[in-house]
Amino acid sequence: MTTVFAEVADPRSLPRPLSRSLGIPIFDTVAGYSAALDAVRRNGRTVGVVPTMGALHAGHASLIRQAAEECDVVAVSIFVNPTQFGDPSDLANYPRTLETDLATVAAAGGQMVFAPSVGEMYPDLQGGAQATVSVPYLGARWEGASRPGHFDGVATVVVKLLEIAGPCRAYFGEKDFQQLAVVRRVVKDRSLPTEVVGCETVRDDAGLALSSRNVRLSSAERQAALVLSRALRTGAALMAQGENDPVAVERAMAELVATEPSVALDYAVVVHADDLEPATTCATERPLRLLTAATVGPVRLIDNLDPRPHRHADAGRREMASAAGTMS
């Protein structure tokens, strides 16, 4: 759907945005953004939201395009969330490219931007009174083990953004697969009026999963980082050949990553896709996921792969159709 913002509501009924860029209203207050989306829904239109931390790339653009195809109005939030960074230097070095981000949003079909300050999102952050959301069952292992507190920060900001947005479809990339699992859990547990839509990982021509952190890689480091996607494909190929022992699959992935001396592997594992628990066998009807994480130069990279993408495709389509029906 390509409905433009001016068509979905009488502009006189909408809150005044902070400013406009490329014709897109930009809101920097919770009240203004929330009221604007409420006005859209009062006009009988559906809302799609794409939460981001900015530094938008082709992967983000694909989320916005999918949202634009499935919803009447697409709102993109751009907020570098400090509560999910354990390392202050990582937060300081995170790229902030608002002007180019706005151009990306406009080109991909986004019609509204929410770009709040830290103080607007977390009024009591400095005083230590900020409430947090935790999902220990899903957030304690893998990325959570290496980045303590990370998923508490993710869950907290996602809940805030979705509560502010109101009834909507929310689009997240599968590249951050554990994050997607955490988001689905908090949405379900808190009964938020949100349909979470997971979208396929976007890769560059060489196979590297797109990430805002990739800009910090040198050309040699980018080349080395390709070992992660190769390791995932190797694991999937072993399973396709009949290997049912997850330990053997994990060993093969780790051994391949070890051939790149500049890549420091954190984990390469086979897990159940629904709860991220380690798989005890690959001979299961439950969906599986291969996860990997490593440090390449100054950057921590994650990647994942569905080793059996066709086995559960029909079930996934049925689930999405059922969820879509509940939002109509």
# chains A, B, ... in the order shown; residues from 1 in each chain; ligands from 1
$ residues_around --residues "range 226-236 of chain A" --least-positions-apart "2" --cutoff "6 Å" --atoms "only C-alpha atoms" --output "tab-separated table (two decimals) with N, CA and C atoms, in the first residue's frame"
chain	number	residue	atom	x	y	z
A	208	LEU	N	27.50	-11.26	3.28
A	208	LEU	CA	27.58	-10.70	4.63
A	208	LEU	C	26.24	-10.10	5.02
A	223	GLN	N	36.03	-8.92	4.40
A	223	GLN	CA	36.30	-10.18	3.72
A	223	GLN	C	36.40	-11.32	4.72
A	224	ALA	N	37.08	-11.08	5.83
A	224	ALA	CA	37.20	-12.11	6.86
A	224	ALA	C	35.85	-12.46	7.47
A	238	LEU	N	25.49	-29.86	6.15
A	238	LEU	CA	25.67	-31.11	6.90
A	238	LEU	C	24.34	-31.71	7.31
A	239	MET	N	23.45	-30.87	7.79
A	239	MET	CA	22.14	-31.35	8.19
A	239	MET	C	21.37	-31.89	6.99
A	249	VAL	N	27.54	-30.69	13.99
A	249	VAL	CA	27.26	-29.51	13.17
A	249	VAL	C	27.98	-28.29	13.76
A	253	MET	N	31.05	-25.91	12.08
A	253	MET	CA	30.97	-24.46	11.93
A	253	MET	C	32.15	-23.78	12.62
A	256	LEU	N	35.45	-24.14	10.74
A	256	LEU	CA	35.57	-23.27	9.57
A	256	LEU	C	35.90	-21.84	9.99
A	257	VAL	N	35.24	-21.35	11.03
A	257	VAL	CA	35.53	-19.99	11.50
A	257	VAL	C	36.99	-19.87	11.95
A	307	PRO	N	18.22	-23.72	8.88
A	307	PRO	CA	18.85	-24.79	8.12
A	307	PRO	C	17.87	-25.61	7.29
$ select_by_dssp --residues "range 56-181 of chain A" --states "helix (DSSP H, G or I)" --output "number ranges by chain"
A: 58-70, 82-84, 88-93, 98-108, 118-121, 136-139, 143-146, 150-165, 177-181
$ closest_atom_pairs --of "range 64-150 of chain A" --to "range 262-283 of chain A" --cutoff "9 Å" --atoms "only C-alpha atoms" --output "CSV"
residue,atom,partner,partner_atom,distance
A:Tyr137,CA,A:Asp275,CA,8.3
A:Leu138,CA,A:Asp275,CA,6.7
A:Arg141,CA,A:Leu276,CA,8.6
A:Trp142,CA,A:Tyr267,CA,7.4
A:Ser146,CA,A:Asp266,CA,8.3
$ write_last_selection --atoms "N, CA and C atoms" --output "CSV table (one decimal), in the first residue's frame"
chain,number,residue,atom,x,y,z
A,137,TYR,N,14.4,-15.8,30.5
A,137,TYR,CA,14.4,-17.1,29.9
A,137,TYR,C,15.0,-17.1,28.5
A,138,LEU,N,14.7,-16.0,27.8
A,138,LEU,CA,15.2,-15.9,26.4
A,138,LEU,C,16.5,-15.1,26.3
A,141,ARG,N,21.1,-16.3,27.7
A,141,ARG,CA,22.1,-17.1,27.0
A,141,ARG,C,22.5,-16.4,25.7
A,142,TRP,N,23.5,-17.0,25.0
A,142,TRP,CA,24.0,-16.5,23.7
A,142,TRP,C,24.4,-15.0,23.8
A,146,SER,N,27.0,-12.8,26.7
A,146,SER,CA,28.2,-12.0,26.3
A,146,SER,C,28.0,-10.5,26.5
$ closest_residue --among "A:Glu174, A:Asp101, A:Glu163, A:Glu243" --to "Asn304 in chain A" --atoms "only C-alpha atoms"
A:Glu174
$ closest_atom_pairs --of "range 121-187 of chain A" --to "range 70-90 of chain A" --cutoff "10 Å" --atoms "only C-alpha atoms" --output "CSV"
residue,atom,partner,partner_atom,distance
A:Met121,CA,A:Asn81,CA,9.0
A:Tyr122,CA,A:Thr83,CA,9.6
A:Leu125,CA,A:Thr83,CA,9.0
A:Thr132,CA,A:Thr83,CA,9.3
A:Ser146,CA,A:Gly86,CA,9.9
A:Arg147,CA,A:Gly86,CA,6.5
A:Pro148,CA,A:Gly86,CA,7.1
A:Gly149,CA,A:Gln84,CA,6.8
A:His150,CA,A:Gln84,CA,4.4
A:Phe151,CA,A:Gln84,CA,6.6
A:Asp152,CA,A:Gln84,CA,7.1
A:Gly153,CA,A:Gln84,CA,4.1
A:Val154,CA,A:Gln84,CA,5.7
A:Ala155,CA,A:Gln84,CA,8.9
A:Thr156,CA,A:Thr83,CA,8.3
A:Val157,CA,A:Asn81,CA,7.1
A:Val158,CA,A:Asn81,CA,9.8
A:Leu161,CA,A:Ser77,CA,8.2
A:Ala165,CA,A:Ala75,CA,8.9
A:Cys168,CA,A:Cys71,CA,8.9
A:Arg169,CA,A:Cys71,CA,7.9
A:Ala170,CA,A:Ala75,CA,9.6
A:Tyr171,CA,A:Val76,CA,9.8
$ write_last_selection --atoms "C-alpha atoms" --output "PDB file, in the first residue's frame"
ATOM      1  CA  MET A 121      12.067   8.300  26.192  1.00  0.00           C
ATOM      2  CA  TYR A 122      13.625   7.930  29.652  1.00  0.00           C
ATOM      3  CA  LEU A 125      17.073   7.460  33.514  1.00  0.00           C
ATOM      4  CA  THR A 132      12.885  -2.048  33.071  1.00  0.00           C
ATOM      5  CA  SER A 146      28.201 -12.017  26.322  1.00  0.00           C
ATOM      6  CA  ARG A 147      26.354  -8.720  26.772  1.00  0.00           C
ATOM      7  CA  PRO A 148      24.759  -8.713  30.242  1.00  0.00           C
ATOM      8  CA  GLY A 149      21.721  -6.480  30.451  1.00  0.00           C
ATOM      9  CA  HIS A 150      21.492  -6.065  26.679  1.00  0.00           C
ATOM     10  CA  PHE A 151      18.121  -7.733  26.258  1.00  0.00           C
ATOM     11  CA  ASP A 152      16.661  -5.976  29.287  1.00  0.00           C
ATOM     12  CA  GLY A 153      17.416  -2.763  27.412  1.00  0.00           C
ATOM     13  CA  VAL A 154      15.973  -4.134  24.179  1.00  0.00           C
ATOM     14  CA  ALA A 155      12.790  -5.390  25.853  1.00  0.00           C
ATOM     15  CA  THR A 156      12.318  -2.126  27.727  1.00  0.00           C
ATOM     16  CA  VAL A 157      12.614   0.149  24.709  1.00  0.00           C
ATOM     17  CA  VAL A 158      10.511  -2.104  22.471  1.00  0.00           C
ATOM     18  CA  LEU A 161       7.844   2.118  21.524  1.00  0.00           C
ATOM     19  CA  ALA A 165       2.480   3.432  18.863  1.00  0.00           C
ATOM     20  CA  CYS A 168      -0.058  -1.865  14.769  1.00  0.00           C
ATOM     21  CA  ARG A 169       2.077  -4.337  12.894  1.00  0.00           C
ATOM     22  CA  ALA A 170       5.740  -4.104  13.919  1.00  0.00           C
ATOM     23  CA  TYR A 171       8.506  -5.178  11.546  1.00  0.00           C
TER      24      TYR A 171
END
$ closest_residue --among "A:Ala294, A:Ala106, A:Leu210, A:Leu91" --to "Asp176 in chain A" --atoms "only C-alpha atoms"
A:Leu210
$ atom_distance --atom1 "CA of Gly119 in chain A" --atom2 "CA of Gly32 in chain A"
15.3 Å
$ select_by_dssp --residues "range 38-174 of chain A" --states "strand (DSSP E)" --output "PyMOL selection string"
chain A and resi 47-52+73-78+112-114+168-173
$ write_last_selection --atoms "C-alpha atoms" --output "PDB file, in the first residue's frame"
ATOM      1  CA  VAL A  47      -0.403   1.298  10.971  1.00  0.00           C
ATOM      2  CA  GLY A  48       2.948  -0.405  10.433  1.00  0.00           C
ATOM      3  CA  VAL A  49       5.935   0.535  12.583  1.00  0.00           C
ATOM      4  CA  VAL A  50       9.624  -0.139  12.009  1.00  0.00           C
ATOM      5  CA  PRO A  51      11.675   0.434  15.191  1.00  0.00           C
ATOM      6  CA  THR A  52      15.313   1.262  14.399  1.00  0.00           C
ATOM      7  CA  VAL A  73       0.769   4.190   6.986  1.00  0.00           C
ATOM      8  CA  VAL A  74       4.340   3.340   7.971  1.00  0.00           C
ATOM      9  CA  ALA A  75       6.039   5.037  10.915  1.00  0.00           C
ATOM     10  CA  VAL A  76       9.775   4.589  11.481  1.00  0.00           C
ATOM     11  CA  SER A  77      11.330   5.279  14.863  1.00  0.00           C
ATOM     12  CA  ILE A  78      14.972   6.371  14.984  1.00  0.00           C
ATOM     13  CA  MET A 112       6.277   9.354   9.436  1.00  0.00           C
ATOM     14  CA  VAL A 113       9.365   9.437  11.682  1.00  0.00           C
ATOM     15  CA  PHE A 114       9.622   9.382  15.465  1.00  0.00           C
ATOM     16  CA  CYS A 168      -0.058  -1.865  14.769  1.00  0.00           C
ATOM     17  CA  ARG A 169       2.077  -4.337  12.894  1.00  0.00           C
ATOM     18  CA  ALA A 170       5.740  -4.104  13.919  1.00  0.00           C
ATOM     19  CA  TYR A 171       8.506  -5.178  11.546  1.00  0.00           C
ATOM     20  CA  PHE A 172      11.815  -6.629  12.755  1.00  0.00           C
ATOM     21  CA  GLY A 173      14.651  -8.295  10.849  1.00  0.00           C
TER      22      GLY A 173
END
$ decode --residues "range 181-244 of chain A" --atoms "C-alpha atoms" --output "mmCIF file, in the first residue's frame"
data_model
loop_
_atom_site.group_PDB
_atom_site.id
_atom_site.type_symbol
_atom_site.label_atom_id
_atom_site.label_comp_id
_atom_site.auth_asym_id
_atom_site.auth_seq_id
_atom_site.Cartn_x
_atom_site.Cartn_y
_atom_site.Cartn_z
ATOM 1 C CA ALA A 181 12.391 -13.949 19.956
ATOM 2 C CA VAL A 182 12.559 -11.556 22.915
ATOM 3 C CA VAL A 183 10.246 -9.081 21.174
ATOM 4 C CA ARG A 184 7.689 -11.772 20.404
ATOM 5 C CA ARG A 185 7.763 -12.920 24.028
ATOM 6 C CA VAL A 186 7.253 -9.475 25.575
ATOM 7 C CA VAL A 187 4.467 -8.648 23.127
ATOM 8 C CA LYS A 188 2.685 -11.875 24.044
ATOM 9 C CA ASP A 189 3.304 -11.639 27.789
ATOM 10 C CA ARG A 190 2.173 -8.014 28.032
ATOM 11 C CA SER A 191 -0.819 -8.534 25.684
ATOM 12 C CA LEU A 192 0.256 -5.655 23.473
ATOM 13 C CA PRO A 193 -2.031 -4.979 20.484
ATOM 14 C CA THR A 194 0.838 -5.663 18.107
ATOM 15 C CA GLU A 195 1.409 -8.200 15.369
ATOM 16 C CA VAL A 196 5.157 -8.872 15.205
ATOM 17 C CA VAL A 197 6.377 -9.551 11.663
ATOM 18 C CA GLY A 198 9.804 -11.161 11.213
ATOM 19 C CA CYS A 199 11.494 -10.333 7.891
ATOM 20 C CA GLU A 200 14.277 -12.225 6.152
ATOM 21 C CA THR A 201 17.904 -11.210 6.636
ATOM 22 C CA VAL A 202 19.257 -9.009 3.846
ATOM 23 C CA ARG A 203 22.828 -9.736 2.713
ATOM 24 C CA ASP A 204 25.290 -8.030 0.450
ATOM 25 C CA ASP A 205 26.391 -9.654 -2.788
ATOM 26 C CA ALA A 206 29.162 -11.549 -0.988
ATOM 27 C CA GLY A 207 26.795 -12.949 1.649
ATOM 28 C CA LEU A 208 27.583 -10.704 4.628
ATOM 29 C CA ALA A 209 24.477 -9.930 6.687
ATOM 30 C CA LEU A 210 23.803 -6.203 6.544
ATOM 31 C CA SER A 211 24.398 -4.396 9.825
ATOM 32 C CA SER A 212 24.891 -0.800 10.860
ATOM 33 C CA ARG A 213 28.142 -1.949 12.461
ATOM 34 C CA ASN A 214 29.591 -3.062 9.130
ATOM 35 C CA VAL A 215 30.702 0.499 8.371
ATOM 36 C CA ARG A 216 33.376 0.093 11.059
ATOM 37 C CA LEU A 217 34.982 -2.849 9.233
ATOM 38 C CA SER A 218 37.981 -2.394 6.975
ATOM 39 C CA SER A 219 37.873 -4.053 3.563
ATOM 40 C CA ALA A 220 40.062 -6.887 4.877
ATOM 41 C CA GLU A 221 37.828 -7.325 7.920
ATOM 42 C CA ARG A 222 34.716 -7.417 5.757
ATOM 43 C CA GLN A 223 36.303 -10.180 3.716
ATOM 44 C CA ALA A 224 37.202 -12.113 6.864
ATOM 45 C CA ALA A 225 33.688 -11.673 8.267
ATOM 46 C CA LEU A 226 32.256 -13.676 5.372
ATOM 47 C CA VAL A 227 33.426 -16.793 7.184
ATOM 48 C CA LEU A 228 30.375 -16.479 9.445
ATOM 49 C CA SER A 229 27.835 -16.928 6.664
ATOM 50 C CA ARG A 230 29.985 -19.695 5.159
ATOM 51 C CA ALA A 231 29.989 -21.487 8.500
ATOM 52 C CA LEU A 232 26.203 -21.283 8.703
ATOM 53 C CA ARG A 233 25.832 -22.671 5.189
ATOM 54 C CA THR A 234 28.268 -25.452 6.062
ATOM 55 C CA GLY A 235 26.190 -26.418 9.078
ATOM 56 C CA ALA A 236 22.987 -26.395 7.048
ATOM 57 C CA ALA A 237 24.597 -28.510 4.340
ATOM 58 C CA LEU A 238 25.674 -31.106 6.897
ATOM 59 C CA MET A 239 22.135 -31.352 8.189
ATOM 60 C CA ALA A 240 20.797 -31.673 4.644
ATOM 61 C CA GLN A 241 23.209 -34.583 4.141
ATOM 62 C CA GLY A 242 21.681 -36.374 7.139
ATOM 63 C CA GLU A 243 23.829 -35.263 10.073
ATOM 64 C CA ASN A 244 21.556 -35.398 13.126
#
